[in-house]
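Listing of protein_32.txt; format and content: compact mmCIF, C-alpha atoms.
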# COMPACT_ATOMS: atom_id res chain seq x y z
CA MET G 1 -0.09 -19.07 -39.20
CA ILE G 2 0.17 -16.36 -36.60
CA TYR G 3 -2.09 -14.14 -38.66
CA ALA G 4 -4.74 -16.87 -38.39
CA LEU G 5 -4.46 -16.65 -34.59
CA CYS G 6 -5.01 -12.89 -34.76
CA PHE G 7 -8.11 -13.57 -36.83
CA LEU G 8 -9.26 -16.09 -34.21
CA LEU G 9 -8.91 -13.43 -31.52
CA PHE G 10 -10.93 -11.05 -33.65
CA MET G 11 -13.63 -13.67 -34.04
CA ILE G 12 -13.77 -14.19 -30.27
CA GLY G 13 -14.31 -10.45 -29.81
CA LEU G 14 -16.99 -10.46 -32.48
CA TYR G 15 -18.77 -13.34 -30.74
CA CYS G 16 -18.79 -11.41 -27.47
CA THR G 17 -20.17 -8.29 -29.14
CA VAL G 18 -22.96 -10.07 -30.97
CA VAL G 19 -24.15 -12.77 -28.58
CA LYS G 20 -23.82 -11.45 -25.04
CA LYS G 21 -26.67 -9.69 -23.27
CA ASN G 22 -24.78 -7.78 -20.59
CA MET G 23 -23.69 -4.33 -21.78
CA VAL G 24 -20.27 -4.47 -20.13
CA LYS G 25 -19.51 -7.76 -21.86
CA ILE G 26 -20.40 -6.20 -25.20
CA VAL G 27 -17.91 -3.40 -24.48
CA LEU G 28 -15.26 -5.99 -23.61
CA GLY G 29 -15.91 -7.69 -26.95
CA ILE G 30 -15.28 -4.40 -28.75
CA LEU G 31 -12.01 -4.03 -26.82
CA VAL G 32 -10.82 -7.53 -27.73
CA MET G 33 -11.49 -6.77 -31.41
CA GLU G 34 -9.36 -3.62 -31.17
CA TYR G 35 -6.53 -5.57 -29.50
CA ALA G 36 -6.62 -8.15 -32.29
CA VAL G 37 -6.34 -5.48 -35.00
CA ASN G 38 -3.45 -3.70 -33.24
CA LEU G 39 -1.62 -7.00 -32.79
CA PHE G 40 -2.06 -7.83 -36.46
CA LEU G 41 -0.66 -4.46 -37.54
CA ILE G 42 2.44 -4.86 -35.38
CA LEU G 43 3.03 -8.41 -36.61
CA LEU G 44 3.00 -7.21 -40.21
CA GLY G 45 6.25 -5.34 -39.59
CA PHE G 46 8.05 -8.22 -37.94
CA ARG G 47 11.22 -9.71 -39.34
CA THR G 48 12.60 -13.09 -38.20
CA LYS G 49 15.80 -12.70 -36.15
CA GLY G 50 15.39 -8.93 -36.10
CA VAL G 51 16.49 -6.45 -33.47
CA ALA G 52 14.56 -3.61 -31.92
CA PRO G 53 14.66 -0.41 -34.00
CA ILE G 54 16.67 1.60 -31.46
CA ILE G 55 19.98 3.28 -32.32
CA ASP G 56 22.35 3.37 -29.36
CA ARG G 57 25.98 4.25 -28.90
CA HIS G 58 27.36 0.87 -30.03
CA ALA G 59 25.49 0.97 -33.31
CA LEU G 60 26.57 4.56 -33.87
CA GLU G 61 30.27 3.86 -33.44
CA GLY G 62 30.24 0.61 -35.44
CA GLY G 63 30.06 2.22 -38.82
CA GLN G 64 27.70 1.44 -41.70
CA LEU G 65 24.75 2.50 -39.62
CA THR G 66 22.18 2.70 -42.39
CA GLU G 67 22.79 -0.75 -43.90
CA LEU G 68 22.89 -2.39 -40.46
CA PHE G 69 19.68 -0.71 -39.39
CA VAL G 70 17.76 -1.41 -42.57
CA ASN G 71 18.87 -5.02 -42.88
CA THR G 72 18.42 -6.26 -39.32
CA SER G 73 15.78 -4.25 -37.49
CA VAL G 74 12.04 -4.74 -37.44
CA ASP G 75 9.85 -2.14 -39.09
CA PRO G 76 9.20 0.77 -36.71
CA LEU G 77 6.50 2.45 -38.77
CA PRO G 78 3.59 0.12 -37.85
CA GLN G 79 4.60 0.47 -34.21
CA ALA G 80 4.24 4.24 -34.34
CA LEU G 81 0.85 4.01 -36.05
CA VAL G 82 -0.44 1.41 -33.59
CA LEU G 83 0.59 3.64 -30.67
CA THR G 84 -1.73 6.32 -32.00
CA ALA G 85 -4.47 3.76 -32.60
CA ILE G 86 -4.23 2.56 -28.99
CA VAL G 87 -4.66 6.08 -27.68
CA ILE G 88 -7.67 6.63 -29.96
CA SER G 89 -9.29 3.42 -28.72
CA LEU G 90 -8.73 4.62 -25.15
CA GLY G 91 -10.67 7.78 -25.90
CA SER G 92 -13.54 5.93 -27.56
CA LEU G 93 -13.63 3.47 -24.63
CA ALA G 94 -14.16 6.40 -22.25
CA LEU G 95 -17.10 7.54 -24.38
CA ILE G 96 -18.65 4.05 -24.54
CA ILE G 97 -18.32 3.53 -20.77
CA SER G 98 -19.97 6.87 -20.04
CA VAL G 99 -22.90 5.89 -22.29
CA CYS G 100 -23.20 2.61 -20.35
CA ILE G 101 -23.23 4.45 -17.03
CA ARG G 102 -25.90 6.82 -18.31
CA ILE G 103 -28.12 3.95 -19.48
CA TYR G 104 -27.72 2.26 -16.08
CA ASN G 105 -28.76 5.44 -14.31
CA LYS G 106 -31.93 5.67 -16.42
CA TYR G 107 -33.03 2.02 -16.66
CA GLY G 108 -31.45 0.45 -13.58
CA THR G 109 -30.15 -2.60 -15.43
CA PHE G 110 -27.27 -3.64 -17.65
CA ASP G 111 -29.39 -6.18 -19.54
CA ILE G 112 -30.07 -5.10 -23.09
CA THR G 113 -33.24 -7.20 -23.36
CA GLN G 114 -34.84 -5.14 -20.57
CA ILE G 115 -34.17 -1.83 -22.30
CA ARG G 116 -37.13 -1.57 -24.62
CA ARG G 117 -38.70 1.85 -24.49
CA LEU G 118 -36.95 5.21 -24.65
CA LYS G 119 -36.93 6.92 -21.29
CA GLY G 120 -35.82 10.27 -19.97
CA MET D 1 -13.52 5.87 6.87
CA LYS D 2 -12.97 7.20 3.39
CA GLY D 3 -10.66 5.40 1.05
CA MET D 4 -8.79 2.18 1.71
CA THR D 5 -6.97 0.71 4.73
CA VAL D 6 -3.96 2.24 6.47
CA ILE D 7 -1.49 -0.06 4.73
CA VAL D 8 -2.69 0.91 1.28
CA LYS D 9 -2.70 4.62 2.15
CA THR D 10 0.86 4.55 3.52
CA ILE D 11 2.38 2.62 0.65
CA SER D 12 0.56 4.56 -2.05
CA SER D 13 1.70 7.87 -0.59
CA TRP D 14 5.29 6.73 -1.15
CA VAL D 15 4.80 4.99 -4.48
CA LYS D 16 2.89 7.79 -6.21
CA ILE D 17 6.03 9.95 -6.28
CA LEU D 18 8.03 7.16 -7.94
CA ILE D 19 5.35 6.70 -10.58
CA PHE D 20 5.30 10.46 -11.21
CA ILE D 21 9.07 10.61 -11.71
CA PHE D 22 8.98 7.53 -13.93
CA GLY D 23 6.33 9.17 -16.10
CA ILE D 24 8.46 12.31 -16.46
CA TYR D 25 11.46 10.15 -17.41
CA ILE D 26 9.48 8.36 -20.14
CA ILE D 27 8.37 11.73 -21.55
CA LEU D 28 11.77 13.40 -21.48
CA PHE D 29 13.73 10.53 -23.00
CA GLY D 30 11.13 9.81 -25.67
CA HIS D 31 13.47 10.55 -28.54
CA LEU D 32 16.21 8.21 -27.29
CA SER D 33 14.43 5.15 -25.90
CA PRO D 34 10.91 3.75 -26.32
CA GLY D 35 8.21 5.99 -24.96
CA GLY D 36 7.35 9.55 -25.78
CA GLY D 37 4.36 11.74 -25.17
CA PHE D 38 1.48 9.26 -25.14
CA PRO D 39 2.77 6.55 -22.78
CA GLY D 40 4.44 9.08 -20.50
CA GLY D 41 1.22 11.02 -20.19
CA VAL D 42 -0.72 7.87 -19.33
CA ILE D 43 1.81 6.98 -16.60
CA LEU D 44 1.60 10.50 -15.15
CA ALA D 45 -2.19 10.30 -15.09
CA SER D 46 -2.05 6.90 -13.41
CA SER D 47 -0.12 8.36 -10.47
CA PHE D 48 -3.00 10.77 -9.79
CA ILE D 49 -5.55 7.99 -10.29
CA LEU D 50 -3.70 5.90 -7.69
CA LEU D 51 -4.14 8.84 -5.34
CA MET D 52 -7.85 8.92 -6.12
CA LEU D 53 -8.32 5.18 -5.58
CA ALA D 54 -6.36 4.85 -2.34
CA PHE D 55 -7.71 8.01 -0.71
CA SER D 56 -10.91 9.61 -1.89
CA ARG D 57 -11.75 11.74 -4.89
CA GLN D 58 -11.66 14.90 -2.75
CA GLU D 59 -8.02 14.23 -1.78
CA ALA D 60 -7.04 13.84 -5.41
CA GLU D 61 -8.85 17.06 -6.26
CA LYS D 62 -6.85 18.87 -3.58
CA TYR D 63 -3.61 17.89 -5.31
CA PHE D 64 -4.81 18.49 -8.87
CA PRO D 65 -7.98 20.62 -8.99
CA LEU D 66 -10.27 20.12 -11.95
CA SER D 67 -9.98 23.72 -13.12
CA VAL D 68 -6.17 23.44 -13.20
CA ALA D 69 -6.43 20.14 -15.08
CA SER D 70 -8.67 21.60 -17.77
CA LYS D 71 -6.34 24.60 -18.11
CA PHE D 72 -3.32 22.29 -18.56
CA ASP D 73 -5.31 20.40 -21.16
CA CYS D 74 -5.89 23.52 -23.23
CA ILE D 75 -2.37 24.90 -22.68
CA GLY D 76 -0.79 21.65 -23.91
CA ALA D 77 -2.80 21.68 -27.11
CA LEU D 78 -2.20 25.40 -27.76
CA LEU D 79 1.56 25.17 -27.22
CA PHE D 80 1.73 22.15 -29.54
CA ILE D 81 0.04 24.07 -32.35
CA LEU D 82 2.13 27.18 -31.63
CA LEU D 83 5.37 25.21 -31.96
CA ALA D 84 4.13 23.65 -35.19
CA LEU D 85 3.18 27.05 -36.63
CA MET D 86 6.59 28.46 -35.76
CA GLY D 87 8.07 26.11 -38.34
CA LEU D 88 6.46 28.26 -41.00
CA GLY D 89 8.75 31.18 -40.22
CA PHE D 90 12.19 29.62 -40.57
CA GLY D 91 14.12 28.18 -43.50
CA ILE D 92 11.87 25.99 -45.60
CA ASN D 93 8.39 27.29 -44.89
CA ALA D 94 6.81 24.01 -43.85
CA PHE D 95 4.29 23.19 -41.15
CA PHE D 96 5.80 21.09 -38.30
CA TRP D 97 9.31 21.78 -39.59
CA ASN D 98 12.02 20.90 -37.07
CA PHE D 99 13.45 24.41 -37.04
CA LEU D 100 15.33 24.04 -33.75
CA GLN D 101 17.42 21.20 -35.15
CA GLN D 102 18.10 22.66 -38.56
CA GLU D 103 18.84 26.24 -37.52
CA TYR D 104 20.44 26.07 -34.10
CA LEU D 105 21.58 22.56 -33.24
CA ALA D 106 22.96 21.25 -36.54
CA ALA D 107 26.33 22.92 -35.96
CA HIS D 108 26.96 21.12 -32.66
CA GLU D 109 27.59 17.40 -32.20
CA THR D 110 24.47 16.42 -30.31
CA VAL D 111 23.51 12.90 -31.22
CA LEU D 112 22.05 10.56 -28.56
CA LYS D 113 22.19 13.30 -25.93
CA LEU D 114 19.22 14.59 -23.96
CA ILE D 115 19.17 17.96 -25.72
CA SER D 116 19.10 16.79 -29.32
CA ALA D 117 16.66 16.25 -32.16
CA GLY D 118 15.42 19.81 -31.99
CA SER D 119 11.78 20.32 -31.22
CA ILE D 120 10.83 16.64 -30.81
CA PRO D 121 11.37 16.59 -27.01
CA LEU D 122 9.26 19.76 -26.76
CA TYR D 123 6.44 18.07 -28.68
CA ASN D 124 6.73 15.11 -26.31
CA ILE D 125 6.42 17.36 -23.24
CA PHE D 126 3.32 19.15 -24.54
CA ILE D 127 1.60 15.93 -25.56
CA GLY D 128 2.46 14.34 -22.20
CA LEU D 129 0.92 17.29 -20.36
CA LYS D 130 -2.24 17.12 -22.42
CA VAL D 131 -2.69 13.36 -22.14
CA CYS D 132 -2.13 13.43 -18.38
CA ALA D 133 -4.70 16.16 -17.82
CA SER D 134 -7.23 14.58 -20.19
CA LEU D 135 -7.08 11.10 -18.70
CA PHE D 136 -7.26 12.41 -15.15
CA LEU D 137 -10.32 14.49 -16.04
CA VAL D 138 -12.00 11.53 -17.77
CA ILE D 139 -11.60 9.17 -14.82
CA VAL D 140 -12.56 11.74 -12.18
CA VAL D 141 -15.68 12.76 -14.07
CA LEU D 142 -16.65 9.11 -14.64
CA SER D 143 -16.34 8.49 -10.90
CA MET D 144 -18.59 11.45 -10.14
CA THR D 145 -21.55 9.74 -11.78
CA ARG D 146 -21.72 7.16 -9.04
CA PRO D 147 -24.72 7.83 -6.77
CA GLU D 148 -23.66 8.36 -3.18
CA LEU D 149 -24.01 5.49 -0.75
CA PRO D 150 -25.94 6.18 2.48
CA SER D 151 -22.71 5.80 4.55
CA GLU D 152 -21.04 8.59 2.60
CA GLN D 153 -24.09 10.81 3.02
CA GLU D 154 -23.80 10.38 6.78
CA GLN D 155 -20.15 11.39 6.61
CA HIS D 156 -21.04 14.52 4.70
CA LEU D 157 -23.58 15.41 7.39
CA GLU D 158 -20.99 14.79 10.13
CA GLU D 159 -18.43 16.98 8.39
Would you write the structure of this file as structure tokens?
Amino acid sequence: MIYALCFLLFMIGLYCTVVKKNMVKIVLGILVMEYAVNLFLILLGFRTKGVAPIIDRHALEGGQLTELFVNTSVDPLPQALVLTAIVISLGSLALIISVCIRIYNKYGTFDITQIRRLKG
Amino acid sequence: MKGMTVIVKTISSWVKILIFIFGIYIILFGHLSPGGGFPGGVILASSFILLMLAFSRQEAEKYFPLSVASKFDCIGALLFILLALMGLGFGINAFFWNFLQQEYLAAHETVLKLISAGSIPLYNIFIGLKVCASLFLVIVVLSMTRPELPSEQEQHLEE
């Protein structure tokens, strides 16, 4: 059920990317799609009634650390991968925004229907 | 008047130090609590970007010149690769091997302390340095592409 909501968020981002005419709104659609994919990857590692995958002093002194950790905590591996994916999307967002600024400097508009001929 | 109002300038000159220290905390304790190199570096960069937004870009460049930022960028990446290559010389000859933990720290009882887990905090520090410098450079260079308003051109002539 919650995976269907992630898919709905992805579809909203796809709608923004395909239909909108303002360049900044297209970039926002790309961002929403990336958020939906990251959210989906984190939700795959979720476990109902699970704890955060952090080992602190109480867990260390309790004994049977490995069984407790494996049986009750959520999966930390998708979280580490999604952290890297978020940083990569930040870098690509910087590139996309600089392309938008460059097009605005050349054509004077953010409207993609006005940008017809190659200039500069 | 460059930058924002007096209230924003006063408060941001106090708050930027807190944000800087918080970013360093997130980087240093990355192996014990959530955080690490990437988020800590972003928080460090955001303290300089706050400086750039509240004052002007020239004030932020006085604190953190662009040449210094690009040098930190390269130094962070080089030190990261150097530390990874040093793993080839100890014990099991593996790239990225945690040689500080296996060779020097395994004898002592250092679990859940600040100096533990070998070379992982060092990796966090280098990545934090690189991410901070990179993000600051990206945002400053993006703000340079804005054409100057006529009011700012008059200020340049007055100065």
Rounded to one decimal, what separation in Å do you get between atom CA of Leu14 of chain G and atom CA of Ile26 of chain G?
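Between these atoms lies a distance of 9.1 Å.
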Produce a table with one row for each residue of segment 6-63 of chain D that has an atom at most 12 Å from any atom of segment 76-90 of chain G, each row naming the nearest atom pair and its distance in Å at one decimal; use all atoms listed in the file; arrange rows by chain and rising residue number; format as a Markdown table.
| residue | atom | partner | partner_atom | distance |
| --- | --- | --- | --- | --- |
| D:Pro34 | CA | G:Ala80 | CA | 10.4 |
| D:Gly35 | CA | G:Leu83 | CA | 9.8 |
| D:Gly36 | CA | G:Leu83 | CA | 10.2 |
| D:Gly37 | CA | G:Leu83 | CA | 10.5 |
| D:Phe38 | CA | G:Val87 | CA | 7.4 |
| D:Pro39 | CA | G:Leu83 | CA | 8.7 |
| D:Gly40 | CA | G:Val87 | CA | 12.0 |
| D:Gly41 | CA | G:Val87 | CA | 10.7 |
| D:Val42 | CA | G:Val87 | CA | 9.4 |
Next, write the just-selected residues to a file, as a PDB file, keeping the file's coordinate frame, keeping C-alpha atoms as the atom set.
ATOM      1  CA  PRO D  34      10.910   3.750 -26.320  1.00  0.00           C
ATOM      2  CA  GLY D  35       8.210   5.990 -24.960  1.00  0.00           C
ATOM      3  CA  GLY D  36       7.350   9.550 -25.780  1.00  0.00           C
ATOM      4  CA  GLY D  37       4.360  11.740 -25.170  1.00  0.00           C
ATOM      5  CA  PHE D  38       1.480   9.260 -25.140  1.00  0.00           C
ATOM      6  CA  PRO D  39       2.770   6.550 -22.780  1.00  0.00           C
ATOM      7  CA  GLY D  40       4.440   9.080 -20.500  1.00  0.00           C
ATOM      8  CA  GLY D  41       1.220  11.020 -20.190  1.00  0.00           C
ATOM      9  CA  VAL D  42      -0.720   7.870 -19.330  1.00  0.00           C
TER      10      VAL D  42
END
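Across the model, the gap from atom CA of Ser47 of chain D to atom CA of Ile17 of chain D is 7.6 Å.
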Between atom CA of Cys132 of chain D and atom CA of Cys74 of chain D lies a distance of 11.8 Å
For chain D, work out the contacting residues on chain G at 9 Å, counting only C-alpha atoms, and write them as a list in words.
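Therefore, the residues near the partner are Ile54, Ile55, Asp56, Arg57, Leu83, Thr84, Val87, Gly91, Ala94, Ile97, Ser98, Ile101, Arg102 and Asn105 of chain G.
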Here is a test: counting all atoms listed in the file, which residue of D:Phe80, D:Phe48, D:Phe22, D:Trp14 is nearest to Asn124 of chain D?
D:Phe80
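Once Leu39 of chain G and its same-chain neighbours fewer than 4 positions away are set aside, Tyr3, Cys6, Leu9, Met33, Glu34, Tyr35, Leu43, Leu44, Gln79 and Val82 of chain G remain within 10 Å of it when counting all atoms listed in the file.
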Residues just named, written with C-alpha atoms as a compact mmCIF listing (two decimals), keeping the file's coordinate frame:
# COMPACT_ATOMS: atom_id res chain seq x y z
CA TYR G 3 -2.09 -14.14 -38.66
CA CYS G 6 -5.01 -12.89 -34.76
CA LEU G 9 -8.91 -13.43 -31.52
CA MET G 33 -11.49 -6.77 -31.41
CA GLU G 34 -9.36 -3.62 -31.17
CA TYR G 35 -6.53 -5.57 -29.50
CA LEU G 43 3.03 -8.41 -36.61
CA LEU G 44 3.00 -7.21 -40.21
CA GLN G 79 4.60 0.47 -34.21
CA VAL G 82 -0.44 1.41 -33.59
Any chance you could work out the axis-aligned box around segment 75-91 of chain D, listed atoms only, 4 Å on each side, giving centre and edge lengths in Å to one decimal, as JSON?
{"center_x": 5.7, "center_y": 26.4, "center_z": -33.1, "size_x": 24.9, "size_y": 17.5, "size_z": 28.8}
Using only C-alpha atoms: which of D:Ala106, D:Leu100, D:Ile27, D:Ala45 has the shortest distance to Val140 of chain D:
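Among the listed residues, D:Ala45 lies closest to Val140 of chain D.
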Report as a list in words all protein, DNA and RNA residues lying within 7 Å of Gly23 of chain D, evaluated on all atoms listed in the file, omitting residues in the same chain fewer than 2 positions from it.
Ile19, Phe20, Ile21, Tyr25, Ile26, Ile27, Gly40, Gly41, Ile43 and Leu44 of chain D
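Between Val51 of chain G and the candidates G:Ile12, G:Val74, G:Asn38, G:Leu65, the tightest atom-to-atom separation, counting only C-alpha atoms, involves G:Val74.
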